[in-house]
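Step one of this worksheet: look at the structure below.
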Amino acid sequence: MGPDVPLLNEYKQEFFWKRFPQSVLGGPQFKLGYCAPPYIYVNQIILFLTPWVFGGVGTLLYQLLLLEDYYAAVLSGGLMVIAASVVQIMNLCARRRTVTVERLQTQNILTDEEEFEFASCAGSETIKFIIPGKKFIVNTIFHTVLAGALCGLGTWYLLLNRLSSLYNNTGAAVMIFVFGWVTLCIGEYSLIINTATETATFQAQDTYEITPLTRPLYMFAFIAVDLAHRFNATIPDLQQANQALHIIFLFLPLLWALGILSPVDAVFLWGMEQTLVFGLGGSAMSTNIRLVVMFLVSVGVAIGTYFIPSSLGVVLFTTGMGFILSLDFSQVELMFRSCCRSPDAQADLRDMPRSLGWRLGWKEFFIYLTVLLAALAEAGLLHHFGTILETSASSPQAIISYILISLLVVSWILREIQGAYIFYGVFRNPFYPQQIRNLKVFKQKQSGLMKAGIVRRLLINLVSPFAMIGFLAMDISLQSLHTVTLCIGFTRAFRTLWQNTEHALLEMVVIAVVRLAALKSNLVWWNSLGTGIQLLLVGIIWDRLTQFFSKLKFALTILISSWTEKKQRRKSTATLITINAVLFPMLLAVIALSAVLSAPLLPLFTLPVFLVGFPRPVRSWPGTVGAAACMCPDSVYYQQMLWSLTEAFQTAFATGSLGVPSPGTHFLCRFQDRVMWVMVLERGFSYCSLNIKGLELQETSCHTAEARKVDELFEMAFEQEDGLEKSTVNHHFSNILTPCAALPVRLYSDARNVLTGIIDSHDNLKQMKDDFVKILFWVLLQHCSKKSQTLEGTLPEDMRGAKPAQVVAEQFVEVNVTTIKNFIRKTPSLNSETFDDWSDDDDLFGPEPTSKKTGLNNPAPKQTSATLPGSVEMQSPFCESFSVKSIDKARQALGFGLPAIDKGRELLERLSEAEAVPMVIFSSSHSKQLNVPQEWRSSALPGPRMQQLRKLFPEGWYKSVLSQLDIANTEERPSDILEGVLNDGALMDLYAHVVMTCYGVTLGAESTVLSPSYVYKVYCGDVPWTVGLDWLTGKPELFQLVLKAFRYTFKLMFDKASLGLVEDFSELANYLEEYERDWYIGRASDARWQQAVLQKKPYLFSLGHDPTMGTYKGRVLTLQEWLVHVGKLNSEGIRGQWANLSWELLYATNDDEERYSIQAHPVLLRNLTVQAADPPLGYPIYSSTPLHVPLF
């Protein structure tokens, strides 16, 4: 697709321009796209202006001094409640009328699907179109009451006398009155009449009708400030805020239309998250439930601090609660669910690593308790003995300030040298290994950095928190008890030093530097704030500055790349760049506003047109993390590597090679065709919480283009040859991805080879036949031996040691034609009358014959499964049941003119050929442990053919395999047992019979010519038809073993072509034992393939076919440690693209698969970013639940 692909197709453009005016006005539909009666528009205008009429009545009575202001407000609100109730009743009546009397309408299939037919001005169709109504009766009542309250308070808010006294200007008061009522009418219409789709959409579906509350919520917030000013008119700051908010109130429709104001659910989650992080010292949470609970608990701690009567109690309480609340309580929940034997919890504990910190045990509990007691002891002692009211350069707090500065500098240096680039990704790190293709060499070169990382880990996890506790415990601000600044500031300070140690250390160093620099001066305003509030302000300012520069870099990247990337250069690009250059101060203002609100910078359609997205939590999505993903067979590769990748991230975070794991940070991992998207959800003391997503492996053109750019970035950072000149500057600094580190991860490598010259080699195919006989025998023998040992293990103890009879006669007996004739004579279902009844005039599926006892000695148990109608069921001593199907009636119908045949003779010939097996008598009592199942002993091939095949049985291989077999027996010597089994000719004849029968059915037929297509079909289980195939497929267990043996044979052919020929039987046995132990050989589409991946089989092999190229490919997966490249993404760039995706799909409904905003962008990685979004907007094939990662 070219760069000038339409942003919206024609249908979506028409849809958008119908929806957008409705969103601006709050719900009235004045642009329908078809002709509607005038009363449709008139009715909407009347309903839109009704609140203004009611408010005007109250305002007029107040201006005429007939009513007090609050009575005027009550009158307007009461009228609005009555009107809203009438409107809702009208809707209910219209819906009931429609349900009771169904009107038959002739649908015109050529008309637009949104076109309605209106019968009258007050008809049911008209009412339902204008007033859709509420889904829940509770919302009907609640919204009606809320509409009355909004109208009454809005009347009070916009009284002319009140506005004149507020601004001392009548003209301004009139303007605010008029446009303010327009805002109120928009809010009332969306609440009661019809709710428009908001441009700021957070949820894909509004299940509980929360959207109608969005606009009234913001108006109530403005009115609340005015009410506060009414009752506290002496506060000048409150008056100025009220004046400013009255002006902003007029622009609320514009803010709603631009999507800057958040929906109700998003604004509450965002508000709690911001308060928890910056006001209470906590962290963003991995789930909404954890966020609400942690917010409430943290608020309770801050309130409790206010009532503590002593400063020592404040220090101990805030220190202890700060440490406890910074721990990961999800581990307690996991252990509790595991104790309750929850399957999910037990599975998580089973897969989770067992090293220190991964699960909550007695070791972790002891460490946490020790740290807590040490922190309490230090805080209490230093506060009691070290607090000095005067600040000087030699005071204990000043000394600790120097220690904090040193800790910050040392820890920052140790963190910077861990990654591939330093100074925020600008310069190459000279200490980082430059060539990492060899894992062993890489680990050796990185050993020095790992030691530095251990030192940093100790400084961050132990030294820094205790140093900061000492700084805070001796602060003189703690003497100001029962103040808001104390309970908020120090609750946050003692919490954040555990929750986010690096940021807390930076904040405290800034405060310490300011104090040390101002020792000879007096900063009255700054010192009056107190240490707690100072830290809070520094934390907010640092966060907003970081966001500002990150958003600025993102905006400049879009601006520059829209011209430098030729495939992104549209006709409008030059114009947009010029406008941004001319209005650059306005662009900076937009970026600054988005940073202040901690909202994403939204590039419209990912063009250089920037808007402020609505504030939302850092997770960006409302759903539960890991609850949804587009699962497919490839998902198992990500599921298998999950914990190994998590362990690698644990080491990287602890050493600092990936920077500070702040919530909202995104990482991209790349290995071969796999792309892993990692997001930090939560951060606390010695832990963080991650979400790992896996992107699709079937790469599209856009996916491939961006993945190629990712590979190029990583190759430049990690895999440059030693002889080439290395640049010290990162030339791709503007890219959204900055390479950080290469991490050793245990996962599958995927190697694919074209088998031309192997699978089509006549010598290989010829040798394959010989190998198949040997391998099939080996597979059957191993299966029968293990099955016998399993059955022996299930016997009672008193029977396990029983010695069998010296001579064991099998259930095979000699059967001749006379026996079969006598058997048929005694069976009514096989008498001559029955055969005579099988004529062309009968139904193909007649009544099923009933079998009776035949009078044979020791008959086999009767088969319980039903046979086909028209078939003959015989009780045989050779097998449990034997069915001979009736002659095919279709063939008989086509057999006109054929010679007459004896039906009975044909039946007897088939019986004699199928079941005449000589009596088998084992000469060794231990041979029974290797006996084959009874149902495999029959033959599917004619006797002469079996005699020919019997000569091909490898007796030397047979004895070699048996000599290596371990037959369990405690009473006899192994050598005697082995000699007896090897000399048992009956056992060899039995295996030869089964093996050569299977061989004759699959590869040994006289008409079989091995070819690549034939081999591929058999490998896939689609065996071409030969004589006896029905016999083989009728025994599923045997068929699977034959298929397994054939796949082993093909793998052996592949290995011999790659590694060389097999020299002797011992080497062949070693190959087969390795296949059995370490390999899964099958098809990649099989369910057992996925199970083998999850079970972490060391090797997997599959055979594939490319029909377009006509080639066959072998695929080998190898499980071992490989280096996975990891890069850090511009978090604000990701949030901005996800904000645009949410707007584009949820509001503009632009779900075109070839839309511009999903096309490949090698700088923004736009396609990969869209894939990594949560469903239904994105489509990752795997998404994990929140993962606890220890950082010590």
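Here, A, B, ... name the chains of the structure tokens in the order displayed, residue numbers run from 1 inside each chain, and ligands are numbered from 1 in the same displayed order.
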
Show which residues sit within 9 Å of A:Leu1072, as a PyMOL selection string. Count only C-alpha atoms, and ignore same-chain residues fewer than 5 positions away. chain A and resi 775+778-779+1048+1052+1067+1077

Can you write out the residues you just picked, keeping N, CA and C atoms, as a PDB file, in the first residue's frame?
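Just written: again_39.pdb:
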```pdb
ATOM      1  N   ILE A 775      13.579 -50.596  12.773  1.00  0.00           N
ATOM      2  CA  ILE A 775      13.057 -49.625  13.751  1.00  0.00           C
ATOM      3  C   ILE A 775      11.667 -50.023  14.203  1.00  0.00           C
ATOM      4  N   TRP A 778      12.057 -52.557  16.838  1.00  0.00           N
ATOM      5  CA  TRP A 778      12.536 -51.925  18.081  1.00  0.00           C
ATOM      6  C   TRP A 778      11.402 -51.205  18.800  1.00  0.00           C
ATOM      7  N   VAL A 779      10.584 -50.486  18.054  1.00  0.00           N
ATOM      8  CA  VAL A 779       9.473 -49.738  18.659  1.00  0.00           C
ATOM      9  C   VAL A 779       8.454 -50.692  19.279  1.00  0.00           C
ATOM     10  N   TYR A1048      10.510 -42.207  12.982  1.00  0.00           N
ATOM     11  CA  TYR A1048      11.873 -42.439  13.445  1.00  0.00           C
ATOM     12  C   TYR A1048      12.766 -42.808  12.268  1.00  0.00           C
ATOM     13  N   LEU A1052      16.024 -40.853  10.981  1.00  0.00           N
ATOM     14  CA  LEU A1052      17.308 -41.530  10.851  1.00  0.00           C
ATOM     15  C   LEU A1052      17.899 -41.275   9.464  1.00  0.00           C
ATOM     16  N   GLU A1067      25.287 -48.405  17.325  1.00  0.00           N
ATOM     17  CA  GLU A1067      25.065 -46.995  17.001  1.00  0.00           C
ATOM     18  C   GLU A1067      23.614 -46.741  16.627  1.00  0.00           C
ATOM     19  N   ARG A1077      14.057 -40.757  24.010  1.00  0.00           N
ATOM     20  CA  ARG A1077      14.253 -40.010  25.257  1.00  0.00           C
ATOM     21  C   ARG A1077      14.170 -38.502  25.048  1.00  0.00           C
TER      22      ARG A1077
END
```

So which residues touch stretch 734-745 of chain A within 8 Å, counting only C-alpha atoms, skipping near sequence neighbours fewer than 4 positions away, as a compact mmCIF listing (two decimals) with N, CA, C and O atoms, in the first residue's frame?
```txt
# COMPACT_ATOMS: atom_id res chain seq x y z
N GLY A 419 24.26 -1.43 30.24
CA GLY A 419 23.56 -1.55 28.98
C GLY A 419 24.45 -1.33 27.78
O GLY A 419 25.63 -0.97 27.88
N ALA A 420 23.86 -1.53 26.60
CA ALA A 420 24.62 -1.38 25.35
C ALA A 420 24.89 0.08 25.03
O ALA A 420 25.88 0.39 24.36
N TYR A 421 24.02 0.99 25.49
CA TYR A 421 24.20 2.42 25.24
C TYR A 421 24.12 3.17 26.56
O TYR A 421 23.48 2.71 27.52
N GLY A 425 20.75 6.39 25.70
CA GLY A 425 20.78 5.76 24.39
C GLY A 425 21.52 6.53 23.32
O GLY A 425 21.39 6.19 22.13
N LEU A 439 27.56 -17.68 23.25
CA LEU A 439 27.00 -17.46 24.58
C LEU A 439 28.06 -17.59 25.66
O LEU A 439 28.11 -16.78 26.60
N LYS A 553 10.27 14.08 22.15
CA LYS A 553 11.04 13.21 21.26
C LYS A 553 10.11 12.42 20.34
O LYS A 553 10.39 12.26 19.14
N PHE A 554 9.00 11.93 20.87
CA PHE A 554 8.03 11.20 20.07
C PHE A 554 7.43 12.08 18.98
O PHE A 554 7.31 11.66 17.81
N THR A 557 10.00 12.78 16.32
CA THR A 557 10.22 11.57 15.52
C THR A 557 9.15 11.44 14.44
O THR A 557 9.46 11.12 13.28
N MET A 641 8.54 -20.40 27.00
CA MET A 641 9.67 -19.56 27.39
C MET A 641 9.33 -18.57 28.51
O MET A 641 10.19 -17.81 28.94
N SER A 644 11.42 -18.69 31.83
CA SER A 644 12.83 -18.50 31.54
C SER A 644 13.11 -17.05 31.18
O SER A 644 14.12 -16.46 31.63
N LEU A 645 12.24 -16.45 30.38
CA LEU A 645 12.39 -15.04 30.04
C LEU A 645 12.22 -14.16 31.28
O LEU A 645 12.93 -13.16 31.45
N ALA A 648 15.36 -14.15 33.23
CA ALA A 648 16.37 -13.30 32.58
C ALA A 648 16.11 -11.83 32.89
O ALA A 648 17.04 -11.06 33.14
N PHE A 649 14.83 -11.43 32.90
CA PHE A 649 14.49 -10.05 33.24
C PHE A 649 14.79 -9.76 34.70
O PHE A 649 15.15 -8.63 35.05
N ALA A 652 18.41 -8.93 34.79
CA ALA A 652 18.69 -7.66 34.11
C ALA A 652 18.22 -6.48 34.94
O ALA A 652 18.90 -5.45 35.02
N SER A 657 20.81 -3.37 33.79
CA SER A 657 21.06 -3.30 32.34
C SER A 657 19.83 -2.85 31.56
O SER A 657 19.96 -2.42 30.42
N LEU A 658 18.65 -2.97 32.14
CA LEU A 658 17.42 -2.52 31.48
C LEU A 658 16.89 -1.23 32.09
O LEU A 658 15.76 -0.84 31.83
N LEU A 668 10.89 -4.58 24.17
CA LEU A 668 10.66 -5.47 23.03
C LEU A 668 11.81 -6.46 22.95
O LEU A 668 12.98 -6.05 22.95
N VAL A 710 13.98 -3.99 13.30
CA VAL A 710 14.35 -4.35 14.67
C VAL A 710 15.63 -5.18 14.67
O VAL A 710 16.55 -4.94 15.46
N LEU A 713 18.62 -2.94 14.06
CA LEU A 713 19.02 -2.18 15.24
C LEU A 713 19.81 -3.04 16.21
O LEU A 713 20.85 -2.62 16.75
N PHE A 714 19.34 -4.26 16.43
CA PHE A 714 20.03 -5.14 17.37
C PHE A 714 21.38 -5.60 16.81
O PHE A 714 22.34 -5.75 17.57
N ALA A 717 23.91 -3.00 17.38
CA ALA A 717 24.27 -2.83 18.79
C ALA A 717 25.06 -4.00 19.33
O ALA A 717 25.93 -3.82 20.20
N PHE A 718 24.79 -5.22 18.84
CA PHE A 718 25.34 -6.41 19.49
C PHE A 718 26.22 -7.28 18.60
O PHE A 718 27.08 -7.99 19.12
N GLN A 1120 17.59 -24.88 24.32
CA GLN A 1120 18.81 -24.59 25.06
C GLN A 1120 18.87 -23.09 25.30
O GLN A 1120 17.97 -22.35 24.91
N GLU A 1121 19.91 -22.65 25.96
CA GLU A 1121 20.05 -21.22 26.24
C GLU A 1121 20.50 -20.49 24.98
O GLU A 1121 21.50 -20.86 24.36
N TRP A 1122 19.76 -19.44 24.65
CA TRP A 1122 20.12 -18.59 23.53
C TRP A 1122 20.07 -17.14 23.99
O TRP A 1122 19.38 -16.80 24.94
N LEU A 1123 20.78 -16.30 23.29
CA LEU A 1123 20.78 -14.88 23.61
C LEU A 1123 19.60 -14.20 22.94
O LEU A 1123 19.45 -14.25 21.72
N VAL A 1124 18.76 -13.58 23.74
CA VAL A 1124 17.60 -12.85 23.26
C VAL A 1124 17.90 -11.36 23.35
O VAL A 1124 18.30 -10.86 24.42
N HIS A 1125 17.71 -10.64 22.27
CA HIS A 1125 17.98 -9.21 22.25
C HIS A 1125 16.79 -8.47 22.86
O HIS A 1125 15.63 -8.73 22.52
N VAL A 1126 17.09 -7.51 23.71
CA VAL A 1126 16.06 -6.74 24.41
C VAL A 1126 16.32 -5.26 24.19
O VAL A 1126 17.46 -4.79 24.34
N GLY A 1127 15.27 -4.54 23.85
CA GLY A 1127 15.36 -3.10 23.68
C GLY A 1127 14.26 -2.40 24.44
O GLY A 1127 13.18 -2.96 24.67
N LYS A 1128 14.52 -1.17 24.83
CA LYS A 1128 13.55 -0.37 25.56
C LYS A 1128 12.82 0.54 24.60
O LYS A 1128 13.43 1.19 23.76
N LEU A 1129 11.51 0.57 24.72
CA LEU A 1129 10.67 1.38 23.84
C LEU A 1129 10.36 2.71 24.50
O LEU A 1129 10.30 2.81 25.74
N ASN A 1130 10.13 3.72 23.67
CA ASN A 1130 9.67 5.01 24.18
C ASN A 1130 8.25 4.84 24.70
O ASN A 1130 7.31 4.70 23.92
N GLY A 1133 5.68 7.13 23.36
CA GLY A 1133 5.34 6.82 21.97
C GLY A 1133 4.35 5.68 21.86
O GLY A 1133 3.44 5.70 21.03
N VAL A 1163 10.42 3.32 11.95
CA VAL A 1163 10.89 4.16 13.05
C VAL A 1163 9.95 4.08 14.24
O VAL A 1163 10.37 3.95 15.38
N LEU A 1164 8.64 4.12 13.99
CA LEU A 1164 7.66 4.05 15.07
C LEU A 1164 7.27 2.62 15.42
O LEU A 1164 6.63 2.39 16.46
N LEU A 1165 7.61 1.64 14.58
CA LEU A 1165 7.18 0.24 14.77
C LEU A 1165 5.66 0.20 14.96
O LEU A 1165 5.14 -0.42 15.90
```

Stretch 588-757 of chain A: residues DSSP assigns to strand (DSSP E or B), reported as a PyMOL selection string: chain A and resi 601-603+610-612+666-671+674-684+687-694+719+729+737-754

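One distance worth recording is that between atom CA of A:Phe1101 and atom CA of A:Leu765, which is 18.9 Å.
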
Using only C-alpha atoms, determine which residues lie at most 8 Å from A:Phe177, disregarding the query and same-chain residues fewer than 2 positions distant; provide the list as a compact mmCIF listing (two decimals) with C-alpha atoms, in the first residue's frame.
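Once everything was written out, this is around.txt:
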```txt
# COMPACT_ATOMS: atom_id res chain seq x y z
CA LEU A 158 -25.37 30.57 36.09
CA LEU A 159 -27.54 33.15 37.85
CA LEU A 160 -26.94 36.54 36.22
CA LEU A 163 -22.01 36.12 37.46
CA ALA A 173 -21.98 37.69 32.70
CA VAL A 174 -24.42 37.59 29.75
CA MET A 175 -21.92 35.73 27.55
CA PHE A 179 -22.95 29.72 26.43
CA GLY A 180 -23.03 28.17 29.88
CA TRP A 181 -26.63 27.08 29.30
```

Fewer than 3 positions away in the same chain doesn't count, so skip those; otherwise give me all residues within 12 Å of A:Glu1076, counting only C-alpha atoms, as an NGL selection string. :A and (775 or 778-779 or 782-783 or 1044-1045 or 1047-1048 or 1051 or 1069-1073 or 1079-1081 or 1097-1100)

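Here atom CA of A:Gly152 stands at a distance of 7.4 Å from atom CA of A:Gly55.
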
Stretch 377-538 of chain A: which residues are helix (DSSP H, G or I) by DSSP, as a ChimeraX atom specification? /A:377-386,396-416,439-473,476-479,484-499,501-517,524-529,531-538

Got time to write the residues from that selection, C-alpha atoms, as an mmCIF file, in the first residue's frame?
```cif
data_model
loop_
_atom_site.group_PDB
_atom_site.id
_atom_site.type_symbol
_atom_site.label_atom_id
_atom_site.label_comp_id
_atom_site.auth_asym_id
_atom_site.auth_seq_id
_atom_site.Cartn_x
_atom_site.Cartn_y
_atom_site.Cartn_z
ATOM 1 C CA ALA A 377 15.102 0.250 65.147
ATOM 2 C CA GLU A 378 17.128 2.684 63.012
ATOM 3 C CA ALA A 379 14.246 5.128 62.556
ATOM 4 C CA GLY A 380 13.349 5.149 66.234
ATOM 5 C CA LEU A 381 16.909 5.534 67.524
ATOM 6 C CA LEU A 382 17.961 8.237 65.062
ATOM 7 C CA HIS A 383 14.774 10.219 65.616
ATOM 8 C CA HIS A 384 15.147 10.055 69.373
ATOM 9 C CA PHE A 385 18.869 10.801 69.614
ATOM 10 C CA GLY A 386 19.792 12.464 66.312
ATOM 11 C CA PRO A 396 23.946 14.418 61.211
ATOM 12 C CA GLN A 397 21.340 15.068 58.531
ATOM 13 C CA ALA A 398 23.868 16.976 56.424
ATOM 14 C CA ILE A 399 26.359 14.121 56.739
ATOM 15 C CA ILE A 400 23.703 11.682 55.535
ATOM 16 C CA SER A 401 22.987 14.118 52.667
ATOM 17 C CA TYR A 402 26.537 13.671 51.419
ATOM 18 C CA ILE A 403 26.131 9.911 51.712
ATOM 19 C CA LEU A 404 22.918 10.061 49.649
ATOM 20 C CA ILE A 405 24.621 12.110 46.951
ATOM 21 C CA SER A 406 27.425 9.571 46.755
ATOM 22 C CA LEU A 407 24.973 6.679 46.583
ATOM 23 C CA LEU A 408 23.073 8.332 43.738
ATOM 24 C CA VAL A 409 26.212 8.976 41.680
ATOM 25 C CA VAL A 410 27.682 5.509 42.218
ATOM 26 C CA SER A 411 24.422 3.647 41.572
ATOM 27 C CA TRP A 412 23.770 5.740 38.437
ATOM 28 C CA ILE A 413 27.232 4.973 37.044
ATOM 29 C CA LEU A 414 26.908 1.265 37.835
ATOM 30 C CA ARG A 415 23.530 1.210 36.095
ATOM 31 C CA GLU A 416 24.668 3.088 33.003
ATOM 32 C CA LEU A 439 27.001 -17.465 24.580
ATOM 33 C CA LYS A 440 29.941 -18.780 26.553
ATOM 34 C CA VAL A 441 32.251 -15.997 25.405
ATOM 35 C CA PHE A 442 29.556 -13.432 26.105
ATOM 36 C CA LYS A 443 29.133 -14.623 29.698
ATOM 37 C CA GLN A 444 32.876 -14.498 30.248
ATOM 38 C CA LYS A 445 33.122 -10.943 28.941
ATOM 39 C CA GLN A 446 30.111 -9.852 30.992
ATOM 40 C CA SER A 447 31.377 -11.296 34.273
ATOM 41 C CA GLY A 448 32.895 -7.954 35.296
ATOM 42 C CA LEU A 449 29.633 -6.135 34.642
ATOM 43 C CA MET A 450 27.755 -8.760 36.626
ATOM 44 C CA LYS A 451 29.969 -8.091 39.640
ATOM 45 C CA ALA A 452 29.290 -4.378 39.313
ATOM 46 C CA GLY A 453 25.589 -5.212 39.087
ATOM 47 C CA ILE A 454 25.770 -7.126 42.375
ATOM 48 C CA VAL A 455 27.299 -4.074 44.052
ATOM 49 C CA ARG A 456 24.526 -1.881 42.641
ATOM 50 C CA ARG A 457 21.910 -4.360 43.822
ATOM 51 C CA LEU A 458 23.205 -4.134 47.391
ATOM 52 C CA LEU A 459 23.326 -0.348 47.259
ATOM 53 C CA ILE A 460 19.770 -0.036 45.973
ATOM 54 C CA ASN A 461 18.045 -2.741 48.019
ATOM 55 C CA LEU A 462 19.776 -2.313 51.377
ATOM 56 C CA VAL A 463 22.094 0.673 51.750
ATOM 57 C CA SER A 464 19.984 3.377 50.105
ATOM 58 C CA PRO A 465 16.691 2.683 51.956
ATOM 59 C CA PHE A 466 18.395 2.750 55.361
ATOM 60 C CA ALA A 467 20.298 5.916 54.456
ATOM 61 C CA MET A 468 17.058 7.636 53.435
ATOM 62 C CA ILE A 469 15.344 6.466 56.620
ATOM 63 C CA GLY A 470 18.124 8.122 58.566
ATOM 64 C CA PHE A 471 17.690 11.364 56.598
ATOM 65 C CA LEU A 472 13.935 11.473 57.196
ATOM 66 C CA ALA A 473 13.976 10.308 60.821
ATOM 67 C CA ILE A 476 12.746 18.769 62.065
ATOM 68 C CA SER A 477 9.484 18.796 60.052
ATOM 69 C CA LEU A 478 8.353 15.774 62.078
ATOM 70 C CA GLN A 479 7.751 18.087 65.026
ATOM 71 C CA VAL A 484 -1.928 17.689 56.571
ATOM 72 C CA THR A 485 1.595 18.300 55.313
ATOM 73 C CA LEU A 486 2.963 15.877 57.895
ATOM 74 C CA CYS A 487 0.475 13.042 57.376
ATOM 75 C CA ILE A 488 0.647 13.228 53.577
ATOM 76 C CA GLY A 489 4.263 14.242 53.048
ATOM 77 C CA PHE A 490 5.942 11.803 55.430
ATOM 78 C CA THR A 491 3.535 8.957 54.714
ATOM 79 C CA ARG A 492 4.563 9.288 51.090
ATOM 80 C CA ALA A 493 8.264 9.758 51.872
ATOM 81 C CA PHE A 494 8.606 6.683 54.103
ATOM 82 C CA ARG A 495 6.592 4.639 51.572
ATOM 83 C CA THR A 496 8.307 5.622 48.360
ATOM 84 C CA LEU A 497 11.812 4.897 49.638
ATOM 85 C CA TRP A 498 10.793 1.223 49.643
ATOM 86 C CA GLN A 499 8.315 1.277 46.756
ATOM 87 C CA THR A 501 14.038 3.358 45.737
ATOM 88 C CA GLU A 502 15.825 4.903 42.730
ATOM 89 C CA HIS A 503 13.294 7.710 42.302
ATOM 90 C CA ALA A 504 13.105 8.329 46.049
ATOM 91 C CA LEU A 505 16.901 8.593 46.178
ATOM 92 C CA LEU A 506 16.865 11.163 43.362
ATOM 93 C CA GLU A 507 14.159 13.227 45.073
ATOM 94 C CA MET A 508 15.986 13.199 48.397
ATOM 95 C CA VAL A 509 19.287 14.185 46.775
ATOM 96 C CA VAL A 510 17.594 17.179 45.114
ATOM 97 C CA ILE A 511 16.249 18.282 48.512
ATOM 98 C CA ALA A 512 19.652 17.734 50.134
ATOM 99 C CA VAL A 513 21.483 19.728 47.428
ATOM 100 C CA VAL A 514 19.054 22.644 47.767
ATOM 101 C CA ARG A 515 19.479 22.667 51.541
ATOM 102 C CA LEU A 516 23.246 22.479 51.390
ATOM 103 C CA ALA A 517 23.330 25.252 48.805
ATOM 104 C CA VAL A 524 11.114 31.051 53.554
ATOM 105 C CA TRP A 525 8.492 29.707 51.201
ATOM 106 C CA TRP A 526 10.430 26.552 50.406
ATOM 107 C CA ASN A 527 11.232 25.785 54.024
ATOM 108 C CA SER A 528 7.643 26.389 55.116
ATOM 109 C CA LEU A 529 6.462 23.508 52.964
ATOM 110 C CA THR A 531 10.386 18.028 53.825
ATOM 111 C CA GLY A 532 7.457 15.735 52.955
ATOM 112 C CA ILE A 533 5.746 18.225 50.652
ATOM 113 C CA GLN A 534 9.091 19.234 49.154
ATOM 114 C CA LEU A 535 9.719 15.619 48.183
ATOM 115 C CA LEU A 536 6.200 15.366 46.771
ATOM 116 C CA LEU A 537 6.686 18.449 44.573
ATOM 117 C CA VAL A 538 10.092 17.272 43.357
#
```

Which residues come within 10 Å of A:Thr546, counting only C-alpha atoms, excluding same-chain residues fewer than 6 positions away, as a PyMOL selection string? chain A and resi 540+552+595+1132

Same residues, all heavy atoms, saved as a PDB file, in the first residue's frame:
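Written out: again_2.pdb:
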```pdb
ATOM      1  N   ILE A 540       6.693  15.024  41.554  1.00  0.00           N
ATOM      2  CA  ILE A 540       5.749  15.367  40.479  1.00  0.00           C
ATOM      3  C   ILE A 540       6.459  16.110  39.356  1.00  0.00           C
ATOM      4  O   ILE A 540       6.265  15.810  38.162  1.00  0.00           O
ATOM      5  CB  ILE A 540       4.586  16.201  41.046  1.00  0.00           C
ATOM      6  CG1 ILE A 540       3.754  15.364  42.012  1.00  0.00           C
ATOM      7  CG2 ILE A 540       3.714  16.734  39.921  1.00  0.00           C
ATOM      8  CD1 ILE A 540       2.625  16.128  42.669  1.00  0.00           C
ATOM      9  N   LEU A 552       8.088  14.991  23.644  1.00  0.00           N
ATOM     10  CA  LEU A 552       8.695  15.858  22.640  1.00  0.00           C
ATOM     11  C   LEU A 552       9.517  15.034  21.654  1.00  0.00           C
ATOM     12  O   LEU A 552       9.466  15.274  20.428  1.00  0.00           O
ATOM     13  CB  LEU A 552       9.572  16.907  23.331  1.00  0.00           C
ATOM     14  CG  LEU A 552      10.303  17.893  22.415  1.00  0.00           C
ATOM     15  CD1 LEU A 552       9.309  18.707  21.594  1.00  0.00           C
ATOM     16  CD2 LEU A 552      11.202  18.812  23.226  1.00  0.00           C
ATOM     17  N   ALA A 595       1.640  16.388  29.252  1.00  0.00           N
ATOM     18  CA  ALA A 595       2.548  15.965  30.309  1.00  0.00           C
ATOM     19  C   ALA A 595       2.005  16.318  31.683  1.00  0.00           C
ATOM     20  O   ALA A 595       2.096  15.525  32.623  1.00  0.00           O
ATOM     21  CB  ALA A 595       3.919  16.604  30.099  1.00  0.00           C
ATOM     22  N   GLU A1132       6.098   6.808  26.046  1.00  0.00           N
ATOM     23  CA  GLU A1132       5.108   7.800  25.617  1.00  0.00           C
ATOM     24  C   GLU A1132       4.743   7.615  24.151  1.00  0.00           C
ATOM     25  O   GLU A1132       3.609   7.899  23.751  1.00  0.00           O
ATOM     26  CB  GLU A1132       5.651   9.213  25.860  1.00  0.00           C
ATOM     27  CG  GLU A1132       5.824   9.557  27.322  1.00  0.00           C
ATOM     28  CD  GLU A1132       4.524   9.411  28.102  1.00  0.00           C
ATOM     29  OE1 GLU A1132       3.463   9.739  27.550  1.00  0.00           O
ATOM     30  OE2 GLU A1132       4.581   8.972  29.258  1.00  0.00           O
TER      31      GLU A1132
END
```
